[in-house]
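Trainee: Can you read through this structure? Questions will come right after.
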Amino acid sequence: MGLPRLVLLTFAAVTVVIAAWHTAEAWHVLGATRSPLVAGEVIRREPWRRFGRVPAGRLSIRILGSDTVVVAETDRTALEGLPHRVRFHYTGDPGREVFVEGEEQPLWVALFLWAVSGGLILVLCGGPLLRRRRSGSGRTAA
């Protein structure tokens, strides 16, 4: 296996793992969007890293008219871009992550990554198949 093929295989494996994580996140968001929409005030914004490396942000939000504080995890750009008052889907469990309206939907990222993964796998597997077909089509009948 040549180096370019090994690089493509590694890249395909990484994109599959990240696509799977974003798919799980999108599934979680889909479940949360069935919950009632609640308003709250952002009381703390803090940068942090997912998986120890990926830049992200964490919002602490107090539900209006209550002392309940919930947490939303988001990307770094949304950390500063979201307003002081936000609306989010709340399941009633303060220990569960909430999803703020205006956050990027992980479904689009997941779909893109699955498409990239599929393309890489097609290149990795389809290339040898096409070469075999081409070399086999040059035969003549005796």
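Ordered as shown in the structure tokens, chains take letters A, B, and onward, while each chain numbers its residues from 1 and ligands are numbered from 1 in the order shown.
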Write out as JSON, numbers by chain the set of residues from chain A that DSSP, computed on the backbone, places in strand (DSSP E).
Mentor: {"A": [37, 38, 39, 40, 41, 42, 43, 44, 45, 46, 47, 48, 49, 50, 54, 55, 56, 57, 58, 59, 60, 61, 62, 63, 69, 70, 71, 72, 73, 74, 85, 86, 87, 88, 89, 99, 100]}
Trainee: Pull C-alpha atoms from the residues just selected and write them as a compact mmCIF listing (two decimals), in the first residue's frame.
Mentor:
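out_8.txt was written with the following content:
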# COMPACT_ATOMS: atom_id res chain seq x y z
CA LEU A 37 -39.04 26.27 24.04
CA VAL A 38 -37.85 28.21 27.11
CA ALA A 39 -36.18 31.62 27.51
CA GLY A 40 -33.13 32.29 29.63
CA GLU A 41 -30.23 34.64 30.35
CA VAL A 42 -26.63 33.70 29.70
CA ILE A 43 -24.83 34.11 33.02
CA ARG A 44 -21.46 32.68 32.00
CA ARG A 45 -19.55 32.06 28.77
CA GLU A 46 -16.42 29.99 28.94
CA PRO A 47 -14.14 28.56 26.27
CA TRP A 48 -13.18 24.91 26.65
CA ARG A 49 -12.07 21.98 24.51
CA ARG A 50 -14.07 18.92 23.49
CA VAL A 54 -11.37 20.63 19.71
CA PRO A 55 -12.11 24.30 20.52
CA ALA A 56 -15.64 24.78 21.87
CA GLY A 57 -17.65 26.95 24.22
CA ARG A 58 -19.88 26.35 27.20
CA LEU A 59 -22.79 28.60 28.16
CA SER A 60 -24.38 28.62 31.60
CA ILE A 61 -27.98 29.82 31.25
CA ARG A 62 -30.45 30.75 33.99
CA ILE A 63 -34.05 30.02 33.05
CA VAL A 69 -29.22 26.88 35.60
CA VAL A 70 -28.63 24.73 32.52
CA VAL A 71 -25.62 24.27 30.27
CA ALA A 72 -25.31 24.51 26.49
CA GLU A 73 -22.19 23.37 24.67
CA THR A 74 -21.51 25.15 21.40
CA ARG A 85 -31.12 36.44 26.24
CA VAL A 86 -31.57 33.16 24.44
CA ARG A 87 -34.29 30.61 23.72
CA PHE A 88 -33.66 26.90 23.97
CA HIS A 89 -35.42 23.57 24.08
CA PHE A 99 -29.68 23.43 22.54
CA VAL A 100 -29.91 27.17 21.98
Trainee: Quick check, in Å to one decimal: how far apart do atom CA of Gln105 of chain A and atom CA of Thr10 of chain A lie?
Mentor: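 Result for atom CA of Gln105 of chain A versus atom CA of Thr10 of chain A: 26.2 Å, one decimal.
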Trainee: Segment 37-128 of chain A near segment 17-28 of chain A within 6 Å: what's each residue's closest atom pair and its distance in Å to one decimal, counting only C-alpha atoms, ordered by chain then ascending residue number, as a Markdown table?
Mentor:
| residue | atom | partner | partner_atom | distance |
| --- | --- | --- | --- | --- |
| A:Pro106 | CA | A:Ala26 | CA | 5.1 |
| A:Leu107 | CA | A:Ala26 | CA | 5.0 |
| A:Ala110 | CA | A:Ala19 | CA | 4.8 |
| A:Leu113 | CA | A:Ala19 | CA | 5.2 |
| A:Trp114 | CA | A:Ala19 | CA | 5.8 |
Trainee: Please dump the current selection as a PDB file, in the first residue's frame; keep C-alpha atoms.
Mentor:
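Contents of selection_36.pdb, as written:
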ATOM      1  CA  PRO A 106     -24.736  19.257  13.639  1.00  0.00           C
ATOM      2  CA  LEU A 107     -26.844  17.455  11.012  1.00  0.00           C
ATOM      3  CA  ALA A 110     -22.641  15.101   9.696  1.00  0.00           C
ATOM      4  CA  LEU A 113     -18.638  14.377   6.541  1.00  0.00           C
ATOM      5  CA  TRP A 114     -20.562  11.250   5.494  1.00  0.00           C
TER       6      TRP A 114
END
Trainee: By how many Å are atom CA of Leu30 of chain A and atom CA of Val14 of chain A apart?
Mentor: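 So the two atoms, atom CA of Leu30 of chain A and atom CA of Val14 of chain A, lie 24.2 Å apart.
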Trainee: To one decimal place in Å, what is the distance between atom CA of Gly102 of chain A and atom CA of Leu82 of chain A?
Mentor: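 Atom-to-atom, atom CA of Gly102 of chain A and atom CA of Leu82 of chain A are spaced 7.3 Å apart.
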Trainee: For Arg5 of chain A, list every protein, DNA or RNA residue within 12 Å, evaluated using only C-alpha atoms, and leave out those in the same chain fewer than 5 positions away; present the list as a PDB file with N, CA and C atoms, in the first residue's frame.
Mentor:
ATOM      1  N   THR A  10      -6.375   6.766   6.171  1.00  0.00           N
ATOM      2  CA  THR A  10      -6.385   7.398   7.495  1.00  0.00           C
ATOM      3  C   THR A  10      -7.394   8.534   7.541  1.00  0.00           C
ATOM      4  N   PHE A  11      -7.397   9.368   6.501  1.00  0.00           N
ATOM      5  CA  PHE A  11      -8.342  10.488   6.438  1.00  0.00           C
ATOM      6  C   PHE A  11      -9.782   9.977   6.407  1.00  0.00           C
ATOM      7  N   ALA A  12     -10.039   8.904   5.659  1.00  0.00           N
ATOM      8  CA  ALA A  12     -11.387   8.319   5.594  1.00  0.00           C
ATOM      9  C   ALA A  12     -11.812   7.811   6.964  1.00  0.00           C
ATOM     10  N   LEU A 120     -14.230   9.230  -0.260  1.00  0.00           N
ATOM     11  CA  LEU A 120     -12.895   8.660  -0.037  1.00  0.00           C
ATOM     12  C   LEU A 120     -12.922   7.135  -0.130  1.00  0.00           C
ATOM     13  N   ILE A 121     -13.943   6.535   0.436  1.00  0.00           N
ATOM     14  CA  ILE A 121     -14.051   5.070   0.374  1.00  0.00           C
ATOM     15  C   ILE A 121     -14.256   4.621  -1.072  1.00  0.00           C
ATOM     16  N   VAL A 123     -13.151   6.184  -3.733  1.00  0.00           N
ATOM     17  CA  VAL A 123     -11.847   6.326  -4.398  1.00  0.00           C
ATOM     18  C   VAL A 123     -10.926   5.172  -3.996  1.00  0.00           C
ATOM     19  N   LEU A 124     -10.920   4.834  -2.711  1.00  0.00           N
ATOM     20  CA  LEU A 124     -10.030   3.771  -2.245  1.00  0.00           C
ATOM     21  C   LEU A 124     -10.439   2.395  -2.771  1.00  0.00           C
ATOM     22  N   CYS A 125     -11.724   2.106  -2.779  1.00  0.00           N
ATOM     23  CA  CYS A 125     -12.200   0.786  -3.213  1.00  0.00           C
ATOM     24  C   CYS A 125     -12.520   0.747  -4.698  1.00  0.00           C
ATOM     25  N   GLY A 127     -11.163   2.530  -7.196  1.00  0.00           N
ATOM     26  CA  GLY A 127      -9.990   2.622  -8.062  1.00  0.00           C
ATOM     27  C   GLY A 127      -9.453   1.256  -8.464  1.00  0.00           C
ATOM     28  N   PRO A 128      -9.173   0.364  -7.493  1.00  0.00           N
ATOM     29  CA  PRO A 128      -8.694  -0.974  -7.853  1.00  0.00           C
ATOM     30  C   PRO A 128      -9.709  -1.766  -8.686  1.00  0.00           C
TER      31      PRO A 128
END
Trainee: Looking only at alpha helix (DSSP H) from DSSP on the backbone, list the matching residues of chain A as a ChimeraX atom specification.
Mentor: /A:3-32,76-81,106-137
